[in-house]
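Asks: The structure file coords-v2.txt (compact mmCIF, C-alpha atoms) is provided below.
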```
# COMPACT_ATOMS: atom_id res chain seq x y z
CA MET A 82 -23.18 -7.20 -31.90
CA LYS A 83 -23.14 -5.71 -35.40
CA THR A 84 -19.66 -5.22 -36.78
CA SER A 85 -18.42 -3.16 -39.70
CA GLU A 86 -15.13 -1.65 -40.77
CA ALA A 87 -14.13 1.33 -38.67
CA ILE A 88 -14.71 4.69 -40.27
CA PRO A 89 -11.56 6.48 -41.42
CA ASN A 90 -12.32 9.70 -39.49
CA ALA A 91 -11.83 8.35 -36.00
CA ARG A 92 -14.08 9.77 -33.31
CA ASN A 93 -11.83 8.25 -30.68
CA ARG A 94 -9.33 10.91 -29.59
CA LEU A 95 -6.47 8.43 -29.27
CA LEU A 96 -6.95 7.12 -32.80
CA ALA A 97 -7.39 10.67 -34.07
CA ALA A 98 -4.09 11.67 -32.45
CA LEU A 99 -2.12 8.97 -34.29
CA ALA A 100 0.38 9.99 -36.92
CA PRO A 101 -0.90 9.18 -40.44
CA ALA A 102 1.62 6.36 -40.83
CA ASP A 103 0.49 4.81 -37.53
CA ARG A 104 -3.16 5.06 -38.48
CA ALA A 105 -2.31 3.31 -41.71
CA LEU A 106 -0.81 0.44 -39.70
CA LEU A 107 -4.00 -0.05 -37.69
CA ALA A 108 -6.70 0.92 -40.17
CA PRO A 109 -6.89 -2.37 -42.13
CA TYR A 110 -7.63 -4.27 -38.93
CA LEU A 111 -9.97 -1.86 -37.16
CA ARG A 112 -13.60 -2.85 -36.94
CA GLU A 113 -16.52 -0.93 -35.50
CA SER A 114 -19.25 -2.48 -33.36
CA ARG A 115 -22.15 -1.30 -31.27
CA LEU A 116 -21.71 -2.82 -27.82
CA LYS A 117 -24.52 -3.04 -25.30
CA GLN A 118 -24.47 -1.95 -21.67
CA GLY A 119 -23.33 -4.69 -19.35
CA LEU A 120 -21.24 -6.60 -21.89
CA VAL A 121 -18.09 -7.92 -20.20
CA LEU A 122 -15.12 -7.42 -22.53
CA HIS A 123 -12.73 -9.34 -20.34
CA GLU A 124 -12.49 -10.69 -16.82
CA ALA A 125 -9.56 -10.29 -14.46
CA GLY A 126 -7.02 -13.00 -15.21
CA SER A 127 -8.38 -13.81 -18.65
CA LEU A 128 -6.52 -13.41 -21.93
CA ILE A 129 -7.16 -10.13 -23.72
CA ASP A 130 -8.07 -10.79 -27.33
CA GLN A 131 -9.27 -7.38 -28.52
CA VAL A 132 -8.19 -3.77 -27.99
CA TYR A 133 -11.14 -1.35 -27.77
CA PHE A 134 -11.25 2.34 -28.69
CA PRO A 135 -14.61 3.85 -27.61
CA GLU A 136 -16.10 6.26 -30.14
CA SER A 137 -19.15 6.84 -28.00
CA GLY A 138 -20.26 5.07 -24.85
CA MET A 139 -17.98 4.15 -21.99
CA ILE A 140 -16.13 1.20 -20.49
CA SER A 141 -15.55 0.71 -16.77
CA LEU A 142 -12.58 -1.13 -15.35
CA LEU A 143 -13.32 -2.89 -12.09
CA ALA A 144 -11.27 -4.51 -9.36
CA VAL A 145 -13.20 -7.65 -8.47
CA MET A 146 -12.96 -9.39 -5.10
CA THR A 147 -13.19 -13.16 -4.62
CA ALA A 148 -16.75 -12.81 -3.32
CA GLY A 149 -17.70 -11.37 -6.69
CA ASN A 150 -18.25 -7.77 -5.59
CA GLY A 151 -16.08 -5.08 -7.09
CA VAL A 152 -15.42 -1.39 -7.36
CA GLU A 153 -14.63 0.92 -10.24
CA THR A 154 -10.95 1.68 -10.78
CA ALA A 155 -11.20 3.61 -14.04
CA THR A 156 -13.58 4.64 -16.78
CA VAL A 157 -12.62 4.93 -20.41
CA GLY A 158 -14.47 6.94 -23.01
CA ARG A 159 -13.63 8.34 -26.41
CA GLU A 160 -10.39 9.78 -25.01
CA GLY A 161 -8.83 6.38 -24.47
CA ALA A 162 -8.63 2.66 -25.06
CA VAL A 163 -8.90 -0.61 -23.20
CA GLY A 164 -6.35 -3.37 -23.60
CA VAL A 165 -3.42 -1.31 -24.90
CA MET A 166 -1.07 -2.99 -22.42
CA VAL A 167 -1.00 -5.97 -24.76
CA GLY A 168 1.13 -3.82 -27.04
CA LEU A 169 3.65 -3.47 -24.23
CA GLY A 170 3.91 -7.22 -23.75
CA GLY A 171 1.22 -8.10 -21.20
CA ARG A 172 -1.70 -10.25 -22.28
CA ILE A 173 -3.47 -11.03 -19.00
CA ALA A 174 -6.28 -8.68 -17.97
CA ILE A 175 -5.68 -7.12 -14.55
CA GLY A 176 -9.35 -6.32 -13.96
CA ARG A 177 -12.83 -6.71 -15.38
CA ALA A 178 -13.75 -4.45 -18.31
CA VAL A 179 -17.47 -3.90 -18.82
CA VAL A 180 -19.43 -1.68 -21.18
CA GLN A 181 -21.01 0.92 -18.94
CA LEU A 182 -22.70 3.02 -21.60
CA GLU A 183 -23.83 1.49 -24.85
CA GLY A 184 -22.15 2.97 -27.89
CA MET A 185 -19.91 2.47 -30.89
CA PHE A 186 -16.46 1.03 -30.36
CA ALA A 187 -13.56 0.62 -32.79
CA HIS A 188 -11.60 -2.52 -32.01
CA LEU A 189 -8.95 -4.79 -33.39
CA ALA A 190 -7.43 -8.14 -32.54
CA VAL A 191 -4.34 -8.37 -30.36
CA GLY A 192 -2.10 -9.84 -33.08
CA PRO A 193 -2.16 -6.94 -35.55
CA PHE A 194 -2.10 -4.45 -32.68
CA GLN A 195 1.07 -5.98 -31.25
CA LYS A 196 2.63 -6.06 -34.73
CA ALA A 197 1.85 -2.37 -35.26
CA MET A 198 3.29 -1.51 -31.85
CA SER A 199 6.40 -3.48 -32.67
CA ASP A 200 6.80 -1.69 -36.02
CA SER A 201 6.27 1.90 -34.86
CA SER A 202 8.15 3.77 -32.16
CA THR A 203 5.77 6.76 -32.42
CA LEU A 204 2.76 4.49 -31.84
CA ARG A 205 4.55 2.92 -28.86
CA GLY A 206 5.35 6.39 -27.55
CA LEU A 207 1.78 7.67 -27.72
CA LEU A 208 0.27 4.55 -26.20
CA ALA A 209 2.94 4.41 -23.48
CA ARG A 210 2.04 8.00 -22.55
CA TYR A 211 -1.63 7.06 -22.59
CA ASN A 212 -0.86 4.06 -20.40
CA ASP A 213 0.98 6.37 -17.96
CA THR A 214 -2.03 8.70 -17.87
CA GLN A 215 -4.39 5.79 -17.30
CA THR A 216 -2.19 4.43 -14.51
CA MET A 217 -2.14 7.87 -12.87
CA LEU A 218 -5.95 7.99 -13.08
CA VAL A 219 -6.20 4.54 -11.46
CA TYR A 220 -4.04 5.86 -8.59
CA GLN A 221 -6.34 8.86 -8.37
CA VAL A 222 -9.44 6.69 -8.21
CA ALA A 223 -7.84 4.44 -5.59
CA GLY A 224 -7.29 7.51 -3.43
CA CYS A 225 -10.76 8.77 -4.26
CA ASN A 226 -12.41 5.48 -3.25
CA ALA A 227 -10.59 5.51 0.07
CA LEU A 228 -10.70 9.19 1.00
CA HIS A 229 -13.66 10.93 -0.61
CA GLN A 230 -17.29 10.91 0.42
CA VAL A 231 -19.54 8.63 -1.60
CA SER A 232 -21.79 11.58 -2.51
CA ALA A 233 -18.81 13.46 -4.02
CA ARG A 234 -17.73 10.31 -5.85
CA LEU A 235 -21.25 9.88 -7.21
CA CYS A 236 -21.13 13.46 -8.57
CA ARG A 237 -17.74 12.79 -10.18
CA TRP A 238 -19.06 9.63 -11.70
CA LEU A 239 -22.17 11.32 -13.10
CA LEU A 240 -20.05 14.09 -14.64
CA GLN A 241 -17.64 11.64 -16.26
CA THR A 242 -20.54 9.68 -17.67
CA HIS A 243 -22.25 12.87 -18.86
CA ASP A 244 -19.05 13.87 -20.70
CA ARG A 245 -19.05 10.59 -22.58
CA GLY A 246 -22.73 10.22 -23.33
CA ASP A 247 -25.04 11.91 -25.77
CA GLY A 248 -27.38 14.36 -24.08
CA ASP A 249 -28.35 14.91 -20.46
CA ILE A 250 -30.00 11.56 -19.78
CA ILE A 251 -27.76 8.89 -18.27
CA PRO A 252 -29.31 5.44 -18.65
CA LEU A 253 -27.92 3.79 -15.55
CA THR A 254 -29.45 1.40 -13.10
CA GLN A 255 -29.05 1.58 -9.34
CA GLU A 256 -27.27 -1.75 -9.57
CA PHE A 257 -24.60 -0.42 -11.90
CA LEU A 258 -24.02 2.69 -9.82
CA ALA A 259 -23.87 0.67 -6.62
CA GLU A 260 -21.24 -1.59 -8.14
CA MET A 261 -19.22 1.36 -9.40
CA LEU A 262 -19.24 3.05 -6.03
CA GLY A 263 -18.91 -0.09 -3.93
CA VAL A 264 -22.08 0.59 -1.91
CA GLN A 265 -25.59 -0.83 -1.58
CA ARG A 266 -28.33 0.00 -4.07
CA THR A 267 -30.38 1.58 -1.30
CA THR A 268 -27.45 3.89 -0.55
CA VAL A 269 -27.33 5.01 -4.19
CA SER A 270 -31.06 5.64 -4.11
CA MET A 271 -30.74 7.79 -0.99
CA LEU A 272 -27.82 9.83 -2.37
CA ALA A 273 -29.54 10.33 -5.74
CA LYS A 274 -32.65 11.57 -3.99
CA GLU A 275 -30.56 14.10 -2.06
CA LEU A 276 -29.10 15.39 -5.34
CA GLN A 277 -32.60 15.58 -6.77
CA GLU A 278 -33.88 17.55 -3.78
CA ASP A 279 -31.04 20.02 -4.38
CA GLY A 280 -32.06 20.40 -8.03
CA LEU A 281 -28.91 18.86 -9.51
CA ILE A 282 -30.45 15.81 -11.15
CA ASP A 283 -33.81 14.31 -11.94
CA TYR A 284 -33.82 10.75 -10.71
CA ARG A 285 -36.24 7.96 -11.46
CA ARG A 286 -35.75 4.25 -11.48
CA GLY A 287 -32.96 3.42 -13.91
CA ARG A 288 -32.79 6.92 -15.34
CA ILE A 289 -30.83 10.00 -14.31
CA GLU A 290 -31.10 13.36 -16.03
CA ILE A 291 -28.53 16.04 -15.33
CA SER A 292 -30.37 19.24 -14.40
CA ASN A 293 -27.54 21.42 -13.08
CA ARG A 294 -24.09 20.48 -14.30
CA LYS A 295 -22.34 23.41 -12.60
CA GLY A 296 -23.90 22.37 -9.32
CA LEU A 297 -22.66 18.82 -9.77
CA GLU A 298 -19.16 20.10 -10.53
CA ALA A 299 -19.23 22.04 -7.28
CA ARG A 300 -20.22 18.89 -5.35
CA ALA A 301 -17.79 16.51 -7.09
CA CYS A 302 -14.45 15.72 -5.55
CA GLU A 303 -11.23 17.12 -7.04
CA CYS A 304 -10.71 13.90 -8.99
CA TYR A 305 -13.09 14.95 -11.77
CA GLU A 306 -11.05 18.02 -12.65
CA THR A 307 -7.74 16.18 -12.16
CA ALA A 308 -8.78 13.49 -14.63
CA ARG A 309 -10.02 15.97 -17.20
CA THR A 310 -6.82 18.03 -16.99
CA SER A 311 -4.59 14.95 -17.26
CA ILE A 312 -6.37 13.74 -20.35
CA ASP A 313 -6.27 17.17 -21.99
CA ARG A 314 -2.55 17.38 -21.22
CA LEU A 315 -1.95 14.04 -22.96
CA PHE A 316 -3.58 15.28 -26.14
CA ASP A 317 -2.02 18.75 -25.94
CA MET A 318 1.38 17.01 -26.01
CA ASP A 319 0.36 15.06 -29.06
CA GLY A 320 -1.62 17.74 -30.81
CA GLY A 321 -4.77 15.61 -30.68
CA MET B 26 -43.54 -13.79 10.51
CA ILE B 27 -40.89 -14.49 7.91
CA ARG B 28 -41.97 -13.72 4.36
CA LEU B 29 -40.25 -15.81 1.74
CA ALA B 30 -39.98 -15.33 -2.02
CA SER B 31 -43.19 -15.25 -4.00
CA PRO B 32 -44.44 -18.76 -4.82
CA ARG B 33 -45.09 -17.60 -8.39
CA GLY B 34 -41.37 -16.96 -8.80
CA LEU B 35 -41.68 -13.17 -9.01
CA MET B 36 -39.05 -11.23 -7.10
CA PRO B 37 -40.59 -9.59 -4.05
CA ARG B 38 -40.04 -5.86 -3.50
CA TYR B 39 -38.63 -4.56 -0.25
CA TYR B 40 -38.45 -0.98 1.01
CA PHE B 41 -35.63 0.23 3.28
CA SER B 42 -36.59 3.26 5.33
CA LEU B 43 -34.68 4.87 8.17
CA THR B 44 -36.37 5.47 11.47
CA ASN B 45 -35.56 7.80 14.33
CA GLY B 46 -36.85 10.73 12.33
CA ARG B 47 -37.96 11.01 8.70
CA LEU B 48 -34.56 11.39 7.14
CA PHE B 49 -35.18 8.88 4.38
CA ASN B 50 -38.42 7.22 3.43
CA ASP B 51 -37.70 4.72 0.66
CA VAL B 52 -40.24 5.18 -2.12
CA ASP B 53 -38.54 3.04 -4.79
CA GLY B 54 -37.62 -0.13 -3.00
CA LEU B 55 -35.69 -3.02 -4.49
CA GLU B 56 -36.65 -6.31 -6.04
CA LEU B 57 -34.67 -8.97 -4.21
CA ASP B 58 -34.62 -12.76 -4.13
CA ASP B 59 -35.91 -13.23 -0.60
CA ILE B 60 -35.79 -12.03 2.98
CA HIS B 61 -32.18 -13.13 3.32
CA ALA B 62 -31.16 -10.83 0.47
CA ALA B 63 -33.24 -8.07 2.08
CA ARG B 64 -31.36 -8.57 5.33
CA ASP B 65 -27.99 -8.39 3.53
CA GLU B 66 -29.13 -5.17 1.84
CA ALA B 67 -30.21 -3.65 5.16
CA ILE B 68 -26.91 -4.56 6.82
CA GLY B 69 -24.91 -3.11 3.91
CA PHE B 70 -27.04 0.05 3.86
CA ALA B 71 -26.51 0.67 7.58
CA ARG B 72 -22.79 0.04 7.25
CA ASP B 73 -22.56 2.39 4.22
CA LEU B 74 -24.16 5.20 6.20
CA MET B 75 -21.95 4.72 9.23
CA ARG B 76 -18.85 4.56 7.03
CA MET B 77 -19.88 7.49 4.82
CA GLU B 78 -20.80 10.05 7.37
CA PRO B 79 -19.54 9.09 10.82
CA GLU B 80 -19.10 12.71 11.79
CA ARG B 81 -22.55 13.84 10.63
CA ARG B 82 -24.55 12.06 13.28
CA ASP B 83 -24.40 9.30 15.83
CA TRP B 84 -25.99 6.48 13.94
CA THR B 85 -25.98 3.95 16.74
CA HIS B 86 -29.62 4.58 17.70
CA TRP B 87 -30.94 4.43 14.13
CA THR B 88 -32.83 1.54 12.60
CA VAL B 89 -33.45 0.31 9.06
CA HIS B 90 -37.16 -0.41 8.85
CA VAL B 91 -37.86 -2.97 6.10
CA THR B 92 -41.33 -3.35 4.61
CA ASP B 93 -42.63 -5.53 1.80
CA GLY B 94 -44.39 -4.59 -1.44
CA GLU B 95 -47.62 -3.93 0.47
CA ARG B 96 -45.70 -1.79 2.95
CA LYS B 97 -46.20 -4.33 5.70
CA PRO B 98 -43.30 -4.58 8.19
CA VAL B 99 -40.87 -7.41 7.49
CA PHE B 100 -38.13 -6.70 10.03
CA ASP B 101 -36.18 -3.93 11.72
CA LEU B 102 -32.41 -3.87 11.87
CA SER B 103 -30.65 -1.58 14.32
CA PHE B 104 -27.41 0.02 13.20
CA SER B 105 -25.67 -1.36 16.29
CA GLU B 106 -26.77 -4.83 15.20
CA ALA B 107 -25.35 -4.19 11.72
CA ILE B 108 -21.95 -3.46 13.28
CA SER B 109 -21.91 -6.62 15.33
CA LEU B 110 -22.94 -9.00 12.53
```
Would you encode the structure as structure tokens?

Replies:
Amino acid sequence: MKTSEAIPNARNRLLAALAPADRALLAPYLRESRLKQGLVLHEAGSLIDQVYFPESGMISLLAVMTAGNGVETATVGREGAVGVMVGLGGRIAIGRAVVQLEGMFAHLAVGPFQKAMSDSSTLRGLLARYNDTQTMLVYQVAGCNALHQVSARLCRWLLQTHDRGDGDIIPLTQEFLAEMLGVQRTTVSMLAKELQEDGLIDYRRGRIEISNRKGLEARACECYETARTSIDRLFDMDGG
Amino acid sequence: MIRLASPRGLMPRYYFSLTNGRLFNDVDGLELDDIHAARDEAIGFARDLMRMEPERRDWTHWTVHVTDGERKPVFDLSFSEAISL
């Protein structure tokens, strides 16, 4: 992991939406690192020591069962952050956070983040609203996991990943997708082949290319649009 | 015959095709530790399909046909067996 000071013109929408005074509180402590796919940022029950603001790439939050298997509960890209609840007092991670798409991430240690939150009511306000949005999206995904077809969930997942990546190629393995969707790898392979036969994606081992985004949107469950609207609403309120 | 993991330590590849028609012929396969992992995968695959699309077809007469890297049969697992396990 290469680390450098975070650039002043934040590519993360949450950092970009901060009032200048709030950015000044965080800026001295923000660092920027390239994080690789598969890196676990924290496990459920562990102490959170860093708050992450994706600038590119994506983080998945997973609910993990005692047997070790898990399912995606949220994804966070450049519109959000992971670990902000530490600013509201909590320090224990409620799920596993893993880098799903390699990219650049601004991050800072918990101590200065908590101090900044304590010093600024506007920072607390923005991040509390973000936390509300994230909680709503977790509810949405919980409903999605229980009620929507796996094929529609796969389409939602591909679209969300496409939004956060660079270009049409999504460098994901079957294993990652299977874990995100809570199904077997063979099931992912079968569903991906169906999407390929319908001309929506090009699928080879470990590599998915989006061929027809509109078609994927038509196949995805409502949760994709709900999430996008909720996030846009958050930033409309804050002018971000 | 039960095929175990490669003695050279390489992960063997298994293919999981569906029989009772040609709905899905697995062309990619998976590298798995051994036949026990292949059996777990087959059970999970059958259960996924029955859970995902119960209204689309009656799966009870379908079978997961598992072959090895040389496409030789390893075992068959009926969907009804996957329910009962």

Asks: So that I can see what lies close to A:Gly119, please list as a list in words the residues with an atom at most 10 Å from it, counting only C-alpha atoms and leaving out residues fewer than 3 positions away in the same chain.

Replies: Leu116, Leu122, Ile140, Ser141, Ala178, Val179, Val180, Gln181, Leu182, Glu183 and Phe257 of chain A

Asks: Do you have the atom CA of A:Ile251-atom CA of A:Val269 distance handy?

Replies: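 Taking atom CA of A:Ile251 and atom CA of A:Val269, their separation equals 14.6 Å.
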
Asks: Would you mind listing, as a PyMOL selection string, all residues of chain B that have at least one atom within 12 Å of chain A, where all atoms listed in the file are what counts?

Replies: chain B and resi 39-43+48-57+62-81+89+91

Asks: Atom CA of A:Leu95 and atom CA of A:Val163, how far apart in Å?

Replies: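 Interatomic distance here is 11.2 Å.
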
Asks: With only C-alpha atoms as the atoms that count, which of B:Asn45, B:Asp58, B:Leu110, B:Pro37 lies nearest to B:Glu95?

Replies: B:Pro37

Asks: So how far away is atom CA of A:Ala125 from atom CA of A:Ala144, in Å?

Replies: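 Computed distance, atom CA of A:Ala144 to atom CA of A:Ala125, equals 7.9 Å.
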
Asks: Name all residues at most 8 Å from stretch 212-217 of chain A (count all atoms listed in the file; drop same-chain ones fewer than 5 positions away) and give them as a PyMOL selection string.

Replies: chain A and resi 155+165-166+311-312+315

Asks: Need to verify the contact set: stretch 198-200 of chain A, 9 Å, all atoms listed in the file, exclusion of same-chain residues closer than 6 positions in sequence. Can you return it as number ranges by chain?

Replies: A: 103, 106, 168-169, 208

Asks: Could you save those same residues with C-alpha atoms as a PDB file, in the coordinates of the input?

Replies:
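Below is the file part.pdb, written as the result:
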```
ATOM      1  CA  ASP A 103       0.490   4.810 -37.530  1.00  0.00           C
ATOM      2  CA  LEU A 106      -0.810   0.440 -39.700  1.00  0.00           C
ATOM      3  CA  GLY A 168       1.130  -3.820 -27.040  1.00  0.00           C
ATOM      4  CA  LEU A 169       3.650  -3.470 -24.230  1.00  0.00           C
ATOM      5  CA  LEU A 208       0.270   4.550 -26.200  1.00  0.00           C
TER       6      LEU A 208
END
```

Asks: Identify which of the residues A:Gly138, A:Pro101, A:Gly296, A:Pro109 lies closest to A:Pro193, counting all atoms listed in the file when measuring atom-to-atom distances.

Replies: A:Pro109

Asks: I want to know what sits within 9 Å of A:Asn226, based on only C-alpha atoms, with residues of the same chain fewer than 4 positions away left out; could you give that as a list in words?

Replies: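 The residues that qualify are Val152, Glu153, Thr154, Gln221, Val222, Gln230, Val231, Arg234, Leu262 and Gly263 of chain A.
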